[in-house]
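Shown next: final-v4.txt, given as compact mmCIF, C-alpha atoms.
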# COMPACT_ATOMS: atom_id res chain seq x y z
CA MET S 1 -44.08 0.94 -4.59
CA LEU S 2 -43.70 3.38 -7.50
CA LEU S 3 -42.77 6.19 -5.12
CA PHE S 4 -40.18 4.02 -3.36
CA SER S 5 -38.78 2.88 -6.70
CA CYS S 6 -38.34 6.42 -8.02
CA THR S 7 -36.73 7.64 -4.81
CA THR S 8 -34.28 4.74 -4.78
CA LYS S 9 -33.27 5.32 -8.41
CA LYS S 10 -32.71 9.01 -7.77
CA GLU S 11 -30.54 8.27 -4.76
CA GLU S 12 -28.62 5.66 -6.71
CA ALA S 13 -28.06 8.04 -9.63
CA ALA S 14 -26.78 10.75 -7.28
CA PHE S 15 -23.42 9.08 -7.10
CA ARG S 16 -22.26 6.00 -8.94
CA ILE S 17 -18.91 4.57 -7.96
CA LYS S 18 -16.53 4.90 -10.87
CA GLY S 19 -14.77 1.83 -12.17
CA PHE S 20 -11.34 0.77 -11.00
CA ARG S 21 -8.93 1.82 -13.73
CA TYR S 22 -5.72 0.20 -12.51
CA ALA S 23 -6.47 -2.24 -9.66
CA ARG S 24 -7.26 -5.73 -10.95
CA LEU S 25 -8.08 -7.48 -7.69
CA VAL S 26 -11.00 -5.43 -6.39
CA SER S 27 -14.21 -3.80 -7.60
CA VAL S 28 -17.07 -1.85 -6.05
CA ASP S 29 -20.44 -1.76 -7.83
CA GLN S 30 -23.57 0.12 -6.91
CA LYS S 31 -26.56 -2.15 -6.54
CA LEU S 32 -30.14 -1.31 -5.59
CA GLY S 33 -29.81 -0.09 -2.01
CA TYR S 34 -26.27 -1.29 -1.32
CA LYS S 35 -22.71 -1.51 -2.69
CA GLU S 36 -21.16 -4.79 -3.74
CA LEU S 37 -17.45 -5.11 -2.93
CA ILE S 38 -15.63 -7.97 -4.66
CA VAL S 39 -12.08 -9.09 -3.82
CA ARG S 40 -10.25 -11.45 -6.17
CA ASN S 41 -7.50 -13.93 -5.38
CA PRO S 42 -4.21 -12.58 -6.80
CA LYS S 43 -3.04 -15.98 -8.03
CA SER S 44 -6.17 -17.27 -9.77
CA LEU S 45 -7.93 -13.90 -10.29
CA LYS S 46 -11.12 -15.70 -9.27
CA VAL S 47 -13.59 -14.10 -6.89
CA GLU S 48 -12.46 -14.88 -3.35
CA SER S 49 -14.97 -12.86 -1.32
CA LYS S 50 -18.09 -10.78 -1.82
CA TYR S 51 -19.26 -8.13 0.60
CA ALA S 52 -22.53 -6.23 0.73
CA LEU S 53 -21.98 -2.72 2.06
CA ILE S 54 -25.40 -1.79 3.39
CA PRO S 55 -26.28 1.61 4.87
CA ARG S 56 -26.79 1.49 8.61
CA ASN S 57 -30.45 1.03 9.61
CA SER S 58 -31.41 0.31 6.00
CA LYS S 59 -34.41 -1.98 5.43
CA VAL S 60 -32.95 -3.39 2.21
CA LYS S 61 -33.00 -7.17 1.99
CA ARG S 62 -29.65 -8.75 2.87
CA PRO S 63 -28.31 -10.51 -0.25
CA SER S 64 -27.41 -14.17 0.20
CA GLY S 65 -23.91 -15.55 -0.27
CA MET S 66 -22.25 -12.29 0.77
CA LYS S 67 -20.62 -11.00 3.93
CA ILE S 68 -22.58 -8.09 5.34
CA ILE S 69 -20.88 -4.84 6.39
CA GLU S 70 -22.93 -1.93 7.69
CA ILE S 71 -21.67 1.44 6.49
CA PRO S 72 -20.30 3.82 7.33
CA VAL S 73 -17.98 1.58 9.36
CA GLN S 74 -17.37 3.45 12.59
CA ASN S 75 -14.92 1.06 14.26
CA MET S 76 -12.43 -1.18 12.47
CA ALA S 77 -9.14 -2.98 12.93
CA VAL S 78 -6.48 -2.35 10.29
CA LEU S 79 -3.42 -4.60 10.46
CA SER S 80 -1.15 -2.95 7.92
CA THR S 81 0.36 0.52 8.15
CA SER S 82 -0.50 1.18 4.49
CA PHE S 83 -4.20 1.05 5.44
CA ILE S 84 -3.56 3.81 7.97
CA GLY S 85 -2.35 6.11 5.20
CA MET S 86 -5.39 5.39 3.05
CA LEU S 87 -7.85 6.08 5.85
CA ASP S 88 -5.94 9.25 6.67
CA ALA S 89 -6.32 10.34 3.03
CA VAL S 90 -10.12 10.26 3.43
CA ASN S 91 -9.98 11.85 6.92
CA SER S 92 -11.12 8.74 8.77
CA ILE S 93 -8.30 7.92 11.20
CA GLU S 94 -10.84 7.98 14.05
CA THR S 95 -12.42 4.78 12.71
CA ILE S 96 -9.28 2.79 13.60
CA LYS S 97 -9.86 1.04 16.93
CA ALA S 98 -7.15 -1.64 16.59
CA THR S 99 -3.92 -1.70 14.65
CA THR S 100 -0.34 -2.95 14.51
CA GLU S 101 2.43 -2.23 17.01
CA GLU S 102 3.10 1.36 18.06
CA GLN S 103 6.75 1.20 17.01
CA TYR S 104 5.67 0.91 13.35
CA ILE S 105 3.23 3.84 13.35
CA SER S 106 3.90 7.41 12.23
CA ASN S 107 0.42 8.97 12.28
CA LYS S 108 0.27 11.32 15.29
CA ALA S 109 -3.50 11.18 15.75
CA LEU S 110 -3.42 7.38 15.84
CA LEU S 111 -0.51 7.40 18.29
CA ARG S 112 -2.51 9.69 20.58
CA GLY S 113 -5.36 7.19 20.46
CA ILE S 114 -3.02 4.36 21.40
CA HIS S 115 -1.49 6.32 24.27
CA ALA S 116 -4.96 7.20 25.54
CA GLY S 117 -5.95 3.54 25.55
CA LYS S 118 -8.62 4.08 22.88
CA VAL S 119 -6.90 1.95 20.21
CA LEU S 120 -5.94 -1.70 20.67
CA VAL S 121 -2.47 -2.79 19.61
CA ALA S 122 -1.94 -6.22 18.07
CA GLY S 123 1.66 -7.19 17.35
CA TYR S 124 0.56 -10.05 15.12
CA GLU S 125 -2.73 -11.20 13.61
CA THR S 126 -3.05 -13.85 16.32
CA GLY S 127 -2.73 -11.08 18.91
CA LEU S 128 -6.16 -9.77 17.96
CA THR S 129 -8.42 -12.07 19.95
CA PRO S 130 -12.19 -12.45 19.44
CA GLU S 131 -12.73 -11.41 23.05
CA ALA S 132 -10.80 -8.15 22.64
CA VAL S 133 -12.51 -7.32 19.36
CA LEU S 134 -15.96 -7.99 20.80
CA LYS S 135 -15.24 -5.83 23.85
CA ALA S 136 -14.03 -2.96 21.62
CA GLY S 137 -17.13 -3.18 19.43
CA ILE S 138 -15.18 -3.77 16.21
CA PRO S 139 -17.30 -5.26 13.38
CA LEU S 140 -14.56 -5.29 10.69
CA ILE S 141 -10.94 -6.48 10.51
CA VAL S 142 -8.92 -5.55 7.41
CA PHE S 143 -5.68 -7.50 7.00
CA SER S 144 -3.05 -8.12 4.32
CA GLY S 145 -4.16 -11.19 2.43
CA PHE S 146 -1.84 -14.07 1.65
CA GLY S 147 -4.51 -16.52 0.44
CA GLN S 148 -5.11 -17.90 3.94
CA PRO S 149 -8.07 -17.35 6.31
CA PHE S 150 -7.57 -14.89 9.13
CA PRO S 151 -6.70 -16.58 12.48
CA ASN S 152 -9.92 -17.51 14.34
CA GLU S 153 -11.98 -16.31 11.37
CA ALA S 154 -14.74 -18.86 12.06
CA LYS S 155 -15.00 -17.62 15.64
CA PHE S 156 -15.11 -14.01 14.46
CA ALA S 157 -17.89 -14.91 12.00
CA GLN S 158 -19.95 -16.31 14.88
CA LEU S 159 -19.57 -12.94 16.57
CA LYS S 160 -20.64 -11.20 13.32
CA VAL S 161 -17.18 -9.73 12.85
CA VAL S 162 -16.14 -9.62 9.18
CA CYS S 163 -12.51 -10.39 8.27
CA MET S 164 -11.51 -8.79 4.95
CA ALA S 165 -8.34 -9.71 3.05
CA ASN S 166 -6.65 -6.78 1.30
CA TYR S 167 -4.43 -7.55 -1.68
CA ASP S 168 -3.25 -4.06 -2.57
CA TRP S 169 0.39 -5.19 -2.32
CA GLU S 170 -0.23 -7.71 -5.14
CA GLU S 171 -1.34 -5.10 -7.66
CA VAL S 172 0.78 -4.83 -10.80
CA HIS S 173 0.26 -1.24 -11.97
CA PRO S 174 1.95 1.46 -9.87
CA LEU S 175 -1.42 3.19 -9.50
CA GLY S 176 -3.26 -0.06 -8.76
CA LYS S 177 -2.17 -0.14 -5.14
CA ALA S 178 -3.26 3.44 -4.51
CA GLU S 179 -6.64 2.76 -6.09
CA TRP S 180 -7.55 0.57 -3.12
CA ILE S 181 -8.22 3.87 -1.37
CA LYS S 182 -11.65 3.59 -3.01
CA VAL S 183 -12.28 0.45 -0.94
CA PHE S 184 -11.71 2.39 2.26
CA GLY S 185 -13.80 5.25 0.88
CA ALA S 186 -16.66 2.80 0.32
CA LEU S 187 -16.29 1.33 3.81
CA VAL S 188 -16.51 4.70 5.57
CA ASP S 189 -19.08 6.00 3.06
CA LYS S 190 -16.75 8.63 1.61
CA ASP S 191 -16.74 7.47 -2.00
CA LYS S 192 -16.61 10.97 -3.44
CA GLU S 193 -13.67 11.94 -1.26
CA ALA S 194 -11.77 8.77 -2.18
CA GLU S 195 -12.46 9.23 -5.89
CA ALA S 196 -11.36 12.88 -5.77
CA TYR S 197 -8.17 12.00 -3.87
CA PHE S 198 -7.25 9.20 -6.26
CA SER S 199 -8.05 11.27 -9.35
CA GLN S 200 -5.58 13.93 -8.17
CA VAL S 201 -2.95 11.26 -7.45
CA GLU S 202 -3.49 9.82 -10.92
CA GLU S 203 -3.23 13.22 -12.60
CA ASP S 204 -0.01 14.08 -10.79
CA TYR S 205 1.50 10.64 -11.37
CA LEU S 206 0.84 10.70 -15.12
CA LYS S 207 2.24 14.22 -15.40
CA ILE S 208 5.47 13.26 -13.62
CA ARG S 209 5.77 10.06 -15.68
CA LYS S 210 5.51 12.10 -18.87
CA GLU S 211 8.28 14.41 -17.65
CA ALA S 212 10.45 11.36 -16.93
CA GLN S 213 10.23 10.32 -20.57
CA ALA S 214 12.71 13.11 -21.32
CA ILE S 215 15.42 11.18 -19.44
CA LYS S 216 17.71 9.80 -22.15
CA GLN S 217 20.27 7.88 -20.12
CA HIS S 218 18.50 5.30 -17.97
CA LYS S 219 20.58 4.58 -14.88
CA LYS S 220 20.89 0.91 -13.99
CA VAL S 221 19.53 0.32 -10.50
CA ILE S 222 19.92 -2.26 -7.77
CA CYS S 223 17.20 -2.28 -5.10
CA GLY S 224 16.55 -3.83 -1.68
CA GLY S 225 18.69 -5.06 1.16
CA LEU S 226 19.81 -7.92 3.38
CA ALA S 227 17.72 -9.64 6.02
CA GLY S 228 19.96 -12.20 7.62
CA ASP S 229 21.69 -14.01 4.77
CA VAL S 230 19.01 -13.23 2.16
CA TRP S 231 18.81 -10.17 -0.07
CA TYR S 232 15.20 -9.21 -0.75
CA ALA S 233 14.54 -7.20 -3.91
CA PRO S 234 11.29 -6.23 -5.66
CA ALA S 235 10.16 -8.73 -8.29
CA GLY S 236 9.96 -7.52 -11.88
CA LYS S 237 6.17 -7.09 -11.90
CA SER S 238 5.93 -5.46 -8.48
CA PHE S 239 4.60 -2.07 -7.48
CA MET S 240 8.14 -0.79 -6.78
CA ALA S 241 9.60 -2.12 -10.05
CA GLY S 242 6.82 -0.41 -11.99
CA ILE S 243 7.53 2.95 -10.40
CA MET S 244 11.26 2.65 -11.09
CA LYS S 245 10.46 1.98 -14.74
CA ASP S 246 8.13 4.98 -14.93
CA ALA S 247 10.87 7.13 -13.37
CA GLY S 248 13.26 6.32 -16.23
CA MET S 249 15.35 3.84 -14.26
CA ASP S 250 16.68 0.57 -15.63
CA TYR S 251 15.99 -1.85 -12.77
CA PHE S 252 18.47 -4.76 -12.84
CA TYR S 253 15.84 -7.42 -12.10
CA LYS S 254 13.08 -5.93 -14.25
CA ASN S 255 12.63 -9.15 -16.26
CA THR S 256 11.94 -11.39 -13.26
CA LYS S 257 8.45 -12.75 -12.62
CA GLY S 258 6.15 -12.09 -9.68
CA THR S 259 4.67 -9.15 -7.79
CA ALA S 260 6.28 -9.70 -4.38
CA SER S 261 9.99 -10.10 -3.50
CA LEU S 262 12.97 -11.94 -4.94
CA SER S 263 15.24 -13.88 -2.59
CA LEU S 264 18.85 -13.47 -3.68
CA THR S 265 22.27 -14.23 -2.25
CA PHE S 266 24.65 -11.50 -1.17
CA GLU S 267 27.26 -12.78 -3.63
CA GLN S 268 24.85 -12.54 -6.55
CA VAL S 269 23.80 -8.99 -5.69
CA PHE S 270 27.43 -7.97 -5.08
CA ASN S 271 28.33 -9.06 -8.61
CA ASP S 272 25.24 -7.44 -10.14
CA ASP S 273 25.90 -4.19 -8.30
CA GLN S 274 29.20 -3.79 -10.15
CA GLN S 275 27.13 -3.00 -13.26
CA CYS S 276 24.80 -0.55 -11.53
CA ASP S 277 24.74 3.22 -11.11
CA LEU S 278 22.32 3.51 -8.19
CA TRP S 279 21.27 1.55 -5.12
CA ILE S 280 17.72 2.22 -3.95
CA ASN S 281 16.33 1.20 -0.53
CA ALA S 282 19.55 0.56 1.37
CA GLU S 283 18.66 -0.59 4.89
CA ALA S 284 20.52 2.13 6.84
CA PRO S 285 20.31 5.96 6.92
CA THR S 286 24.11 6.55 6.86
CA PHE S 287 27.17 4.82 5.45
CA LYS S 288 28.52 4.32 8.96
CA LYS S 289 25.42 2.36 9.98
CA LEU S 290 25.38 0.53 6.66
CA PHE S 291 28.95 -0.69 7.16
CA ALA S 292 28.11 -1.71 10.71
CA LEU S 293 25.49 -4.06 9.24
CA ASN S 294 27.98 -5.58 6.82
CA PRO S 295 31.54 -4.26 6.19
CA LYS S 296 31.48 -5.79 2.69
CA PHE S 297 29.08 -3.06 1.58
CA ARG S 298 32.18 -0.85 1.30
CA TYR S 299 33.10 -2.70 -1.88
CA PHE S 300 29.81 -2.12 -3.70
CA HIS S 301 30.29 -0.05 -6.84
CA THR S 302 27.25 2.10 -5.98
CA VAL S 303 28.69 2.76 -2.52
CA LYS S 304 32.07 3.80 -3.91
CA GLN S 305 30.23 6.21 -6.22
CA GLY S 306 28.17 7.54 -3.31
CA LYS S 307 24.92 6.81 -5.18
CA VAL S 308 22.94 5.09 -2.43
CA PHE S 309 19.44 6.18 -1.34
CA THR S 310 17.18 5.19 1.53
CA TYR S 311 13.93 5.94 3.33
CA THR S 312 15.01 4.30 6.62
CA HIS S 313 15.53 7.63 8.38
CA ASN S 314 11.71 7.78 8.50
CA SER S 315 10.55 4.30 7.54
CA ASN S 316 7.21 4.42 9.38
CA TYR S 317 6.19 7.51 7.41
CA PHE S 318 7.27 5.80 4.18
CA TRP S 319 5.26 2.61 4.74
CA GLU S 320 2.16 4.54 5.83
CA ASN S 321 2.10 7.11 3.08
CA SER S 322 3.81 5.78 -0.06
CA PRO S 323 1.00 3.33 -1.03
CA ALA S 324 -1.61 6.12 -1.13
CA ASN S 325 0.83 8.58 -2.71
CA PRO S 326 2.75 6.84 -5.51
CA HIS S 327 3.15 10.21 -7.25
CA TRP S 328 5.40 11.32 -4.36
CA LEU S 329 7.44 8.15 -4.70
CA LEU S 330 7.70 8.63 -8.46
CA GLU S 331 8.81 12.23 -8.04
CA ASP S 332 11.57 11.15 -5.63
CA PHE S 333 12.77 8.52 -8.10
CA VAL S 334 12.80 10.99 -10.99
CA HIS S 335 14.97 13.35 -8.93
CA ILE S 336 17.32 10.44 -8.18
CA ALA S 337 17.36 9.24 -11.80
CA ARG S 338 18.24 12.70 -13.11
CA GLY S 339 20.75 13.38 -10.36
CA ASP S 340 18.91 16.56 -9.31
CA GLN S 341 20.71 18.59 -6.67
CA ASN S 342 19.27 20.64 -3.80
CA VAL S 343 15.80 19.13 -4.08
CA SER S 344 13.30 18.28 -1.37
CA TYR S 345 12.43 14.57 -1.27
CA HIS S 346 9.13 13.24 0.04
CA PHE S 347 10.57 9.98 1.38
CA TYR S 348 14.21 9.49 0.38
CA ARG S 349 17.64 10.64 1.44
CA GLN S 350 21.07 10.10 -0.09
CA LEU S 351 23.46 8.33 2.26
CA ARG S 352 26.36 10.36 3.60
Same coordinates, now as structure tokens:
Amino acid sequence: MLLFSCTTKKEEAAFRIKGFRYARLVSVDQKLGYKELIVRNPKSLKVESKYALIPRNSKVKRPSGMKIIEIPVQNMAVLSTSFIGMLDAVNSIETIKATTEEQYISNKALLRGIHAGKVLVAGYETGLTPEAVLKAGIPLIVFSGFGQPFPNEAKFAQLKVVCMANYDWEEVHPLGKAEWIKVFGALVDKDKEAEAYFSQVEEDYLKIRKEAQAIKQHKKVICGGLAGDVWYAPAGKSFMAGIMKDAGMDYFYKNTKGTASLSLTFEQVFNDDQQCDLWINAEAPTFKKLFALNPKFRYFHTVKQGKVFTYTHNSNYFWENSPANPHWLLEDFVHIARGDQNVSYHFYRQLR
């Protein structure tokens, strides 16, 4: 018993997962023989789920009241493109055995897997059936949480398939979303790699943010676009709003509440735009295509000034890689805020 105890403590001391510095909805703690992953509900901040990440073939006693996940996870379903980017950051794309529709994916290795029939494609959460998951040997489904159980979750539980809600999109701090990379690092047993990757992202982000403090004139910014008759814009406490602030931009709706999206009318945004210098995240890659969506865009002040920016020329790449690389997003925004010319953007392009 003494020998086992000493060995376990040495192994545990070899690497302790560092605390989450920005994410408020998740934590990973090293316990004796396993890792405890806790996910909190974004509305109440109360613990929603607990997971025990237990090394494969370990003899450690399974803790009660927790969902059990054997690590490293070798096969998983990820139903958000942002998860693809995070797994790619820790060199674990091969673990993805089911994902969202091909038309929304940028990662070439994952596309090859889909084309070869090695990766299941589920257009919607309900498209991932228990039968298909069981046949593919997938023990874990990671999905974007909205406070509701995953479809057929009870059935999946009977098959010993764990459904894990991910709330990275509800994080408040611009670095909080990226810090969820540590969750994926823990799942594939690459904690050191995930910590190293995030630490570099953090260092670069803070450096760029400090440089942005030299911007004296903060450009007023409108953000978002139309979907039908509704204009969706980032809420004032959202990931995107936080990055705009750190880039030295004066976001028009910065004082609104919430971490998701605002639903606005076209007329309201049209009037607000008259006071703005920049429009970020227009829903078309060129002015011609933008006007085809709605001819009234011609009368936007930001359009007349030619100060409109978008990522829609490569939207799949943006959605996959911006969550894990907020420092790239911040750098793009700083270039836009300063009006830098002849620069290379990571995600954005100025409409022509």
Computed interatomic separation between CA of Gln217 in chain S and CA of Asp204 in chain S (Å): 23.2 Å
Who sits within 9 Å of range 66-69 of chain S, all atoms listed in the file, same chain under 2 positions skipped, as a PyMOL selection string: chain S and resi 36+49-56+62-64+71-73+139-140+160-162+187
Near-Phe184 in chain S list (12 Å; only C-alpha atoms; drop same-chain fewer than 5 positions) as number ranges by chain: S: 26-28, 37, 53, 71-74, 76, 78, 82-93, 95-96, 140, 142, 164, 166, 168, 178-179, 189-195, 197-198, 324
For C-alpha atoms, I'd like the residues from the last selection saved as a PDB file, in the coordinates of the input.
ATOM      1  CA  VAL S  26     -11.000  -5.430  -6.390  1.00  0.00           C
ATOM      2  CA  SER S  27     -14.210  -3.800  -7.600  1.00  0.00           C
ATOM      3  CA  VAL S  28     -17.070  -1.850  -6.050  1.00  0.00           C
ATOM      4  CA  LEU S  37     -17.450  -5.110  -2.930  1.00  0.00           C
ATOM      5  CA  LEU S  53     -21.980  -2.720   2.060  1.00  0.00           C
ATOM      6  CA  ILE S  71     -21.670   1.440   6.490  1.00  0.00           C
ATOM      7  CA  PRO S  72     -20.300   3.820   7.330  1.00  0.00           C
ATOM      8  CA  VAL S  73     -17.980   1.580   9.360  1.00  0.00           C
ATOM      9  CA  GLN S  74     -17.370   3.450  12.590  1.00  0.00           C
ATOM     10  CA  MET S  76     -12.430  -1.180  12.470  1.00  0.00           C
ATOM     11  CA  VAL S  78      -6.480  -2.350  10.290  1.00  0.00           C
ATOM     12  CA  SER S  82      -0.500   1.180   4.490  1.00  0.00           C
ATOM     13  CA  PHE S  83      -4.200   1.050   5.440  1.00  0.00           C
ATOM     14  CA  ILE S  84      -3.560   3.810   7.970  1.00  0.00           C
ATOM     15  CA  GLY S  85      -2.350   6.110   5.200  1.00  0.00           C
ATOM     16  CA  MET S  86      -5.390   5.390   3.050  1.00  0.00           C
ATOM     17  CA  LEU S  87      -7.850   6.080   5.850  1.00  0.00           C
ATOM     18  CA  ASP S  88      -5.940   9.250   6.670  1.00  0.00           C
ATOM     19  CA  ALA S  89      -6.320  10.340   3.030  1.00  0.00           C
ATOM     20  CA  VAL S  90     -10.120  10.260   3.430  1.00  0.00           C
ATOM     21  CA  ASN S  91      -9.980  11.850   6.920  1.00  0.00           C
ATOM     22  CA  SER S  92     -11.120   8.740   8.770  1.00  0.00           C
ATOM     23  CA  ILE S  93      -8.300   7.920  11.200  1.00  0.00           C
ATOM     24  CA  THR S  95     -12.420   4.780  12.710  1.00  0.00           C
ATOM     25  CA  ILE S  96      -9.280   2.790  13.600  1.00  0.00           C
ATOM     26  CA  LEU S 140     -14.560  -5.290  10.690  1.00  0.00           C
ATOM     27  CA  VAL S 142      -8.920  -5.550   7.410  1.00  0.00           C
ATOM     28  CA  MET S 164     -11.510  -8.790   4.950  1.00  0.00           C
ATOM     29  CA  ASN S 166      -6.650  -6.780   1.300  1.00  0.00           C
ATOM     30  CA  ASP S 168      -3.250  -4.060  -2.570  1.00  0.00           C
ATOM     31  CA  ALA S 178      -3.260   3.440  -4.510  1.00  0.00           C
ATOM     32  CA  GLU S 179      -6.640   2.760  -6.090  1.00  0.00           C
ATOM     33  CA  ASP S 189     -19.080   6.000   3.060  1.00  0.00           C
ATOM     34  CA  LYS S 190     -16.750   8.630   1.610  1.00  0.00           C
ATOM     35  CA  ASP S 191     -16.740   7.470  -2.000  1.00  0.00           C
ATOM     36  CA  LYS S 192     -16.610  10.970  -3.440  1.00  0.00           C
ATOM     37  CA  GLU S 193     -13.670  11.940  -1.260  1.00  0.00           C
ATOM     38  CA  ALA S 194     -11.770   8.770  -2.180  1.00  0.00           C
ATOM     39  CA  GLU S 195     -12.460   9.230  -5.890  1.00  0.00           C
ATOM     40  CA  TYR S 197      -8.170  12.000  -3.870  1.00  0.00           C
ATOM     41  CA  PHE S 198      -7.250   9.200  -6.260  1.00  0.00           C
ATOM     42  CA  ALA S 324      -1.610   6.120  -1.130  1.00  0.00           C
TER      43      ALA S 324
END
Close residues, Phe291 in chain S itself excluded, 12 Å, all atoms listed in the file, min 6 positions apart in chain, as a ChimeraX atom specification: /S:282-285,297-300,303,351-352
d(CA of Lys118 in chain S, CA of Ile138 in chain S) in Å: 12.2 Å
Point-to-point distance in Å for CA of Phe20 in chain S and CA of Gly33 in chain S: 20.6 Å
Nearest residue to Lys237 in chain S from the set S:Leu262, S:Val343, S:Val201, S:Leu329 (distances using only C-alpha atoms): S:Leu262
Cut-off 12 Å around (13.4, 11.9, -20.7) with all atoms listed in the file: residues as a PyMOL selection string: chain S and resi 208-219+245-249+334-335+337-338
Best match for closeness to Val188 in chain S among S:Lys288, S:Ile141, S:Lys108, S:Glu70, counting only C-alpha atoms: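 Checking each candidate against Val188 in chain S, we get S:Glu70 as the closest.
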Selected residue, from S:Asp340, S:Val172, S:Arg40, S:Trp279, that lies nearest to Lys257 in chain S when counting only C-alpha atoms: S:Val172
Would you mind listing, for every residue of range 234-347 of chain S within 12 Å of range 225-228 of chain S, the two atoms forming the shortest contact and the distance between them in Å to one decimal, using all atoms listed in the file, sorted by chain and ascending residue number, as a tab-separated table?
residue	atom	partner	partner_atom	distance
S:Pro234	CA	S:Gly225	CA	10.1
S:Ser261	CA	S:Gly225	CA	11.1
S:Leu262	CA	S:Gly225	CA	10.8
S:Ser263	CA	S:Leu226	CA	9.6
S:Leu264	CA	S:Leu226	CA	9.0
S:Thr265	CA	S:Leu226	CA	8.8
S:Phe266	CA	S:Leu226	CA	7.5
S:Glu267	CA	S:Leu226	CA	11.3
S:Val269	CA	S:Gly225	CA	9.4
S:Phe270	CA	S:Gly225	CA	11.1
S:Asp273	CA	S:Gly225	CA	11.9
S:Trp279	CA	S:Gly225	CA	9.5
S:Ile280	CA	S:Gly225	CA	8.9
S:Asn281	CA	S:Gly225	CA	6.9
S:Ala282	CA	S:Gly225	CA	5.7
S:Glu283	CA	S:Gly225	CA	5.8
S:Ala284	CA	S:Gly225	CA	9.3
S:Leu290	CA	S:Gly225	CA	10.3
S:Leu293	CA	S:Leu226	CA	9.0
S:Asn294	CA	S:Leu226	CA	9.2
S:Lys296	CA	S:Leu226	CA	11.9
S:Phe297	CA	S:Gly225	CA	10.6
S:Val308	CA	S:Gly225	CA	11.6
S:Phe309	CA	S:Gly225	CA	11.5
S:Thr310	CA	S:Gly225	CA	10.4
S:Thr312	CA	S:Gly225	CA	11.4
For Lys35 in chain S, the nearest of the candidates S:Gly127, S:His327, S:Met244, S:Val60, counting all atoms listed in the file: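 Once distances to Lys35 in chain S are computed over all atoms listed in the file, the minimum belongs to S:Val60.
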Neighbours of Gly236 in chain S within 7 Å (all atoms listed in the file; same-chain residues fewer than 4 positions away dropped), as a PDB file with C-alpha atoms, in the frame of the given file?
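Below is the file selection-v9.pdb, written as the result:
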ATOM      1  CA  ALA S 241       9.600  -2.120 -10.050  1.00  0.00           C
ATOM      2  CA  TYR S 253      15.840  -7.420 -12.100  1.00  0.00           C
ATOM      3  CA  LYS S 254      13.080  -5.930 -14.250  1.00  0.00           C
ATOM      4  CA  ASN S 255      12.630  -9.150 -16.260  1.00  0.00           C
ATOM      5  CA  THR S 256      11.940 -11.390 -13.260  1.00  0.00           C
ATOM      6  CA  LYS S 257       8.450 -12.750 -12.620  1.00  0.00           C
ATOM      7  CA  GLY S 258       6.150 -12.090  -9.680  1.00  0.00           C
ATOM      8  CA  THR S 259       4.670  -9.150  -7.790  1.00  0.00           C
TER       9      THR S 259
END
